[in-house]
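Structure, as structure tokens:
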Amino acid sequence: MRFGPLAIDEAEGAVLAHSTLAGGTRLRKAHRLTAEDIALLRAEGVSTVIAAKLEPDDLDEDQAAERLAKRLAVDGIAVRPPSTGRVNFYAEKAGLFIVDKEAVDRLNAVDPAITLATLPDYSPVTEGHMVATVKIIPFAVPARRVNEAVDEIREDVFRVAPFRPHSVGVVQTALAGLKDSVLDKTARITGERLARSGSHVTRELRPAHEADAVARAITALKDESDMLLVFGASAVCDADDVIPAAIHKAGGTVERVGMPVDPGNLLVIGTIDGKPVIGAPGCARSPKTNGFDWVLDRLMAGIAVLSSDIAGMGVGGLLAEIPTRPQPREGKAPSRELAVWGVLLAAGQSRRMGAHNKLLASFNDVPLVRRTGAELAKAHIKGAVAVLGHEAERVKTALDGLGLRVAINGAYQEGLSTSLKTGISALPEEAAGALIMLADMPQIGSEDLNRLVDAFVKAGGNSVVRATHNGKRGNPVILPRVLFAEVARLEGDTGARHVVEQGLVSVIDVETGAAAHIDVDTPEALEKAGGVLNQ
């Protein structure tokens, strides 16, 4: 491939490196120049263009990405068509994403122009969750280099181990002073945890916190359950403590006491009659992700968990603190700049607008999505991602020049949660919070957004901040990073409100006026707000 300035006379078939105007026609970046394009450019006095000229043995970016993707394809993971040198892969069922890191590293070592990025090994995913992406960096690469990369794929590089429904018996031990409300909350949260794999609680028993009583409860539940969970009223502090002792007394074996994951250190795992028994750590009473989830998810996906597996969880095992408890490991952290990133949700189908796309409606001759995107771009944030889906190319064109990153939600028809997850997953590691902005709120301005950001930073980045009017909640909202894992659990047409109302962190309300409640879901609402639908 030749890249650089090309004389017009030799540019037919070349790929434009930058958007170019030819009369009234805009030729977009990555457009392959035709004879008609050359004629237009010549008529405008353009003598050279910056472009890529493919050699006979080159594959263009989409061809290269597609060839690599076909070799990577496996059952259970959907492969999207190539676009701008990228092919995305999506889980077809909920489960655990499992990836061979060495195989990915070998492929990525072939040529910097050929890349494969994936989720971390053993990541829990839902149906429609993006798990991997192939990206070809330049406009074209030699076919031989693509073939070399394909040859490095010797077996399946990744897969999704689907969750399997289990019947689960639950034991919660009781001590004087332990409120029933605590046990009831634990039961509710456990049921929610199990629901993501289609599992359910068969029966719950609440014996005294004594080895013999717990052993009897385990024995009573083992025949009617595929798995047993035991929550102790007091934390396990020794291999002979109540829960491991009870497993032995019931005729089971204890595989391991303790794990190198924090929160989650005090986990016990064993078996009885070939069925897993987990002594849950205290942090499992919270819905926040912890070491208990790592073990539970593997078992739900049919993956055995041995002592050696748990011993290998230390790297990456230092998880975020549970936001609902004090921060025990550190004193006051040194001050640092909190990077807030914006997420513009602009993937919806505008179903109540008939054949029109409300995001392209004009407000003072400016498309609505550009109006909201421009306000987000002006706010005091580190950067922003626009999530696109329905009519993505038209919406993307309306956002040109604002500096927003673009993330495509291939599952936008499945509901708001898919766009929220797409946006959150596209944020960089530096993002301490995500400013979630709906693209159909024409009255929200950058000053409103700045008030939200200022409140978030002042609170140390550990709280939800949401816009309100007269005490009634509205939008936008800022989610702290500690809640990003909860967003990944959302399904269907569910937005950030579900995460906020779980009560995992404090919520700060900021009065922004009536703009917090003004969106344009219907033609009448759009007209009232000053918009005009376009064909």
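In the structure tokens, each chain is lettered A, B, ... as it comes, each chain's residues begin at 1, and ligands are numbered from 1 in order of appearance.
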
Using DSSP on the backbone coordinates, identify the residues of stretch 489-535 of chain A assigned to helix (DSSP H, G or I); present them as a PDB file with N, CA and C atoms, in the first residue's frame.
ATOM      1  N   ALA A 496     -30.261   3.686  33.833  1.00  0.00           N
ATOM      2  CA  ALA A 496     -29.428   3.878  35.017  1.00  0.00           C
ATOM      3  C   ALA A 496     -30.252   3.947  36.298  1.00  0.00           C
ATOM      4  N   ARG A 497     -31.553   4.276  36.192  1.00  0.00           N
ATOM      5  CA  ARG A 497     -32.381   4.413  37.386  1.00  0.00           C
ATOM      6  C   ARG A 497     -32.363   3.144  38.240  1.00  0.00           C
ATOM      7  N   HIS A 498     -32.363   1.982  37.579  1.00  0.00           N
ATOM      8  CA  HIS A 498     -32.367   0.717  38.319  1.00  0.00           C
ATOM      9  C   HIS A 498     -31.101   0.595  39.163  1.00  0.00           C
ATOM     10  N   VAL A 499     -29.955   1.000  38.606  1.00  0.00           N
ATOM     11  CA  VAL A 499     -28.691   0.923  39.337  1.00  0.00           C
ATOM     12  C   VAL A 499     -28.692   1.919  40.493  1.00  0.00           C
ATOM     13  N   VAL A 500     -29.156   3.128  40.223  1.00  0.00           N
ATOM     14  CA  VAL A 500     -29.157   4.174  41.245  1.00  0.00           C
ATOM     15  C   VAL A 500     -30.004   3.765  42.443  1.00  0.00           C
ATOM     16  N   ALA A 514     -36.338  23.025  35.004  1.00  0.00           N
ATOM     17  CA  ALA A 514     -37.260  22.190  34.234  1.00  0.00           C
ATOM     18  C   ALA A 514     -36.577  21.367  33.151  1.00  0.00           C
ATOM     19  N   ALA A 515     -35.380  21.785  32.730  1.00  0.00           N
ATOM     20  CA  ALA A 515     -34.659  21.050  31.677  1.00  0.00           C
ATOM     21  C   ALA A 515     -34.435  19.597  32.039  1.00  0.00           C
ATOM     22  N   ALA A 516     -34.377  19.283  33.333  1.00  0.00           N
ATOM     23  CA  ALA A 516     -34.128  17.901  33.779  1.00  0.00           C
ATOM     24  C   ALA A 516     -35.249  16.953  33.396  1.00  0.00           C
ATOM     25  N   HIS A 517     -36.434  17.502  33.059  1.00  0.00           N
ATOM     26  CA  HIS A 517     -37.593  16.666  32.742  1.00  0.00           C
ATOM     27  C   HIS A 517     -38.057  16.804  31.297  1.00  0.00           C
ATOM     28  N   PRO A 523     -44.164  13.616  18.779  1.00  0.00           N
ATOM     29  CA  PRO A 523     -44.164  14.796  17.913  1.00  0.00           C
ATOM     30  C   PRO A 523     -44.669  16.043  18.633  1.00  0.00           C
ATOM     31  N   GLU A 524     -45.670  15.862  19.501  1.00  0.00           N
ATOM     32  CA  GLU A 524     -46.228  17.008  20.224  1.00  0.00           C
ATOM     33  C   GLU A 524     -45.184  17.609  21.180  1.00  0.00           C
ATOM     34  N   ALA A 525     -44.465  16.736  21.894  1.00  0.00           N
ATOM     35  CA  ALA A 525     -43.448  17.216  22.829  1.00  0.00           C
ATOM     36  C   ALA A 525     -42.315  17.909  22.086  1.00  0.00           C
ATOM     37  N   LEU A 526     -41.955  17.362  20.919  1.00  0.00           N
ATOM     38  CA  LEU A 526     -40.878  17.958  20.135  1.00  0.00           C
ATOM     39  C   LEU A 526     -41.267  19.342  19.630  1.00  0.00           C
ATOM     40  N   GLU A 527     -42.498  19.456  19.133  1.00  0.00           N
ATOM     41  CA  GLU A 527     -42.968  20.749  18.627  1.00  0.00           C
ATOM     42  C   GLU A 527     -43.041  21.776  19.755  1.00  0.00           C
ATOM     43  N   LYS A 528     -43.516  21.340  20.914  1.00  0.00           N
ATOM     44  CA  LYS A 528     -43.624  22.238  22.059  1.00  0.00           C
ATOM     45  C   LYS A 528     -42.257  22.749  22.499  1.00  0.00           C
TER      46      LYS A 528
END

* **Contacts of A:Thr468 at 9 Å (only C-alpha atoms; same-chain gap of 4+ positions) as a list in words** =>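 After dropping sequence-adjacent residues, the list is Lys472, Arg473, Gly474, Asn475, Pro476, Asp509, Val510, Glu511, Thr512, Gly513, Ala514, Ala515, Ala516 and His517 of chain A.
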
* Shell of 12 Å around A:Ser47, only C-alpha atoms, local chain residues under 6 positions omitted, as a list in words -> Pro5, Leu6, Ala7, Ile8, Asp9, Glu10, Ala11, Ala22, Ile38, Ala39, Leu40 and Leu41 of chain A

* To do: Could you jot down the atom CA of A:Val242 to atom CA of A:Thr219 separation for me, Å, one decimal place?
  =>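 Separating atom CA of A:Val242 from atom CA of A:Thr219 is a distance of 15.1 Å.
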
* Record the distance separating atom CA of A:Val340 and atom CA of A:Thr494, expressed in Å with one decimal. =>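 Rounded to one decimal, the two atoms are 22.6 Å apart.
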
* Neighbours of A:Gly24 within 12 Å (only C-alpha atoms; same-chain residues fewer than 2 positions away dropped), as a list of chain:residue names? ->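 The residues satisfying every condition are A:Thr20, A:Leu21, A:Ala22, A:Arg26, A:Leu27, A:Asp37, A:Leu40, A:Leu41, A:Ala43, A:Glu44.
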
* To do: Kindly indicate which residue among A:His248, A:Thr397, A:Lys53, A:Leu96 lies nearest to A:Leu119, using only C-alpha atoms for the distances.
  =>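 Result for the nearest residue to A:Leu119: A:Leu96.
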
* Asked: Using only C-alpha atoms, which residues sit within 8 Å of A:Phe97 once same-chain residues fewer than 6 positions away are excluded, as a VMD selection string?
  -> chain A and resid 119 to 125 131 158 to 161

File dump, residues just selected, N, CA and C atoms, as an mmCIF file, in the first residue's frame:
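Saved to part35.cif:
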data_model
loop_
_atom_site.group_PDB
_atom_site.id
_atom_site.type_symbol
_atom_site.label_atom_id
_atom_site.label_comp_id
_atom_site.auth_asym_id
_atom_site.auth_seq_id
_atom_site.Cartn_x
_atom_site.Cartn_y
_atom_site.Cartn_z
ATOM 1 N N LEU A 119 -12.468 -8.916 26.082
ATOM 2 C CA LEU A 119 -12.707 -8.754 27.509
ATOM 3 C C LEU A 119 -11.691 -9.589 28.288
ATOM 4 N N PRO A 120 -11.498 -9.297 29.571
ATOM 5 C CA PRO A 120 -10.618 -10.137 30.388
ATOM 6 C C PRO A 120 -11.156 -11.567 30.500
ATOM 7 N N ASP A 121 -10.251 -12.486 30.755
ATOM 8 C CA ASP A 121 -10.617 -13.883 30.949
ATOM 9 C C ASP A 121 -11.618 -14.013 32.099
ATOM 10 N N TYR A 122 -12.591 -14.874 31.933
ATOM 11 C CA TYR A 122 -13.631 -15.166 32.921
ATOM 12 C C TYR A 122 -14.540 -13.963 33.202
ATOM 13 N N SER A 123 -14.721 -13.105 32.225
ATOM 14 C CA SER A 123 -15.670 -11.990 32.394
ATOM 15 C C SER A 123 -17.097 -12.503 32.269
ATOM 16 N N PRO A 124 -17.992 -12.146 33.192
ATOM 17 C CA PRO A 124 -19.403 -12.498 33.021
ATOM 18 C C PRO A 124 -20.029 -11.628 31.941
ATOM 19 N N VAL A 125 -20.810 -12.226 31.071
ATOM 20 C CA VAL A 125 -21.438 -11.474 29.979
ATOM 21 C C VAL A 125 -22.908 -11.845 29.891
ATOM 22 N N VAL A 131 -17.821 -8.962 23.237
ATOM 23 C CA VAL A 131 -16.758 -9.670 23.941
ATOM 24 C C VAL A 131 -15.394 -9.487 23.292
ATOM 25 N N PHE A 158 -11.260 -17.943 21.864
ATOM 26 C CA PHE A 158 -12.165 -17.565 22.952
ATOM 27 C C PHE A 158 -13.484 -18.296 22.785
ATOM 28 N N ARG A 159 -14.280 -18.269 23.841
ATOM 29 C CA ARG A 159 -15.600 -18.895 23.827
ATOM 30 C C ARG A 159 -16.427 -18.312 24.956
ATOM 31 N N VAL A 160 -17.711 -18.566 24.930
ATOM 32 C CA VAL A 160 -18.578 -18.234 26.054
ATOM 33 C C VAL A 160 -19.106 -19.539 26.638
ATOM 34 N N ALA A 161 -18.779 -19.775 27.899
ATOM 35 C CA ALA A 161 -19.337 -20.927 28.612
ATOM 36 C C ALA A 161 -20.684 -20.492 29.176
#

* From the set A:Ile243, A:Ala392, A:Ile518, A:Ala488, which residue has the shortest atom-to-atom contact distance to A:Ser417, counting only C-alpha atoms? ->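 Comparing A:Ile243, A:Ala392, A:Ile518, A:Ala488 against A:Ser417, the winner is A:Ala488.
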